[in-house]
Amino acid sequence: MKILIATEKPFAREAVEGIKAIFAEAGYETLLLEKYTDKAQLLEAVADVEGLIIRSDKVTAEVLAAAPKLRIVVRAGAGYDNVDLAAAKAKGVVVMNTPGQNSNAVAELALGMMVYMARNQFTAGTGSELQGKRIGIHAYGNVGRLVGRKAKALGMEVAAFDPFITDGALFEADGVRKVESVEELYASSDYLSLHIPATEQTKRSIGYKLLMSMPKGATLVNTARKEVIDEEGLKAALTERPDLKYITDIAPDSKDELAALFGKRFFATPKKMGAETAEANINAGLAAARQIVDYIENGNTRFQVNK
Ligand code: 3PG
């Protein structure tokens with residue numbers, strides 16, 4: 001049984017060693033493809049493997065076609081918009097994610113990004129504090145909940161909107177105000193932390209109207225996906241409202257233009273770093289390895305996302 005770890009953005013060494021140990025114990029062989037620069041390298045590496053662990057690496061129909069023995073792909077992380085689920089299903093390949101395993105790292109970064117913008121990107125001048133400010137959490141999943149708890153510890157007023165959670169008990173238990181519409185959330189948030197996945201429904205859904213409705217001096221924080229932003233709308237809102245700010249962990253297509261136009265009101269990390277901690281790599285990587293063994297040995301499909 002051959003399992004490939006294909007990570008353009010490699011895991012921490014400790015995570016790779018841990019994954020290898022889990023597979024060795026199961027009697028599997030681990031292959032490693034890191035920092036690859038060309039799709040052809042991935043196509044070649046999958047030729048003989050039955051299992052695949054990835055991060056944001058793209059598993060397209062072409063990659064699946066190049067892997068005739070493939071049985072399972074595990075995205076070590078939350079978002080699986082980088083995998084062609086339908087093509088995998090058509091080939092009988094199970095796709096899983098590892099929900100929650102890297103959430104803390106992303107939540108910590110979201111809060112850090114807020115401080116960074118509140119303090120003028122660590123340059124001279126008077127900044128502001130997070131304490132007492134209103135934070136709106138758009139989608140209350142694993143990351144959103146952690147952001148909420150940490151924000152409360154900082155003395156922020158926390159509200160959240162999630163169209164898929166109708167039961168208010170979850171919000172109540174966390175002491176978080178449950179907001180009934182996305183419009184209400186944006187209109188009442190000094191900081192808006194995005195945690196929605198990139199789907200056909202959410203792509204380009206955050207734009208001019210929602211941004212323009214935000215309170216004076218508001219900051220939009222994106223540790224989710226660039227695709228959910230309508231970049232033209234964002235640009236128009238930042239142009240009309242010199243008080244608005246945008247910080248993102250996923251560089252927009254128009255990054256250079258936004259940086260030139262908006263100076264200290266815009267920042268994008270050079271490479272997505274939300275889940276770039278040793279802890280997150282170990283949690284997600286080892287969970288991915290265990291899920292592969294559990295599927296191959298016992299048929300466990302608990303975390304399958306393409307049923
Ligand atoms: C996720 O969906 O889990 C995060 O976006 C992390 O992605 P990464 O593994 O590519 O850093």
# chains A, B, ... in the order shown; residues from 1 in each chain; ligands from 1
call {"tool": "residues_near_ligand", "arguments": {"ligand": "ligand 1", "cutoff": "8 Å", "atoms": "only C-alpha atoms and all ligand atoms", "output": "ChimeraX atom specification"}}
result
/A:9,54-57,75-80,99,102-103,106,223-225,272-276,281
call {"tool": "closest_atom_pairs", "arguments": {"of": "stretch 112-181 of chain A", "to": "stretch 250-266 of chain A", "cutoff": "8 Å", "atoms": "only C-alpha atoms", "output": "tab-separated table"}}
result
residue	atom	partner	partner_atom	distance
A:Met117	CA	A:Arg265	CA	7.6
A:Asn120	CA	A:Lys264	CA	6.5
A:Gln121	CA	A:Lys264	CA	6.7
call {"tool": "select_by_dssp", "arguments": {"residues": "stretch 185-277 of chain A", "states": "alpha helix (DSSP H)", "output": "PyMOL selection string"}}
result
chain A and resi 185-187+208-212+231-240+255-262
call {"tool": "closest_atom_pairs", "arguments": {"of": "stretch 27-97 of chain A", "to": "stretch 287-299 of chain A", "cutoff": "10 Å", "atoms": "only C-alpha atoms", "output": "Markdown table"}}
result
| residue | atom | partner | partner_atom | distance |
| --- | --- | --- | --- | --- |
| A:Gly27 | CA | A:Val293 | CA | 9.9 |
| A:Tyr28 | CA | A:Val293 | CA | 9.0 |
| A:Glu50 | CA | A:Ile296 | CA | 9.5 |
| A:Gly51 | CA | A:Ile292 | CA | 7.1 |
| A:Leu52 | CA | A:Ile292 | CA | 8.5 |
| A:Ile53 | CA | A:Ala288 | CA | 6.8 |
| A:Ile54 | CA | A:Ala288 | CA | 9.0 |
| A:Arg71 | CA | A:Ile296 | CA | 8.5 |
| A:Ile72 | CA | A:Ile292 | CA | 7.0 |
| A:Val73 | CA | A:Ile292 | CA | 8.1 |
| A:Val74 | CA | A:Ala288 | CA | 5.8 |
| A:Arg75 | CA | A:Ala288 | CA | 7.2 |
| A:Ala76 | CA | A:Ala288 | CA | 5.6 |
| A:Gly77 | CA | A:Ala288 | CA | 8.6 |
| A:Val94 | CA | A:Tyr295 | CA | 9.1 |
| A:Met96 | CA | A:Gln291 | CA | 8.3 |
| A:Asn97 | CA | A:Ala288 | CA | 7.5 |
call {"tool": "atom_distance", "arguments": {"atom1": "atom CA of A:Leu192", "atom2": "atom CA of A:Lys271"}}
result
21.2 Å
call {"tool": "closest_residue", "arguments": {"among": "A:Ala173, A:Ala90, A:Leu146, A:Ala151", "to": "A:Ala107", "atoms": "only C-alpha atoms"}}
result
A:Leu146
call {"tool": "residues_around", "arguments": {"residues": "stretch 188-191 of chain A", "least_positions_apart": "4", "cutoff": "12 Å", "atoms": "only C-alpha atoms", "output": "number ranges by chain"}}
result
A: 110-111, 113-115, 117-118, 128-138, 147-148, 151, 156-161, 177, 179, 181-184, 210-222, 243-247
call {"tool": "closest_residue", "arguments": {"among": "A:Ala237, A:Ile19, A:Tyr116, A:Ala105", "to": "A:Thr269", "atoms": "only C-alpha atoms"}}
result
A:Tyr116
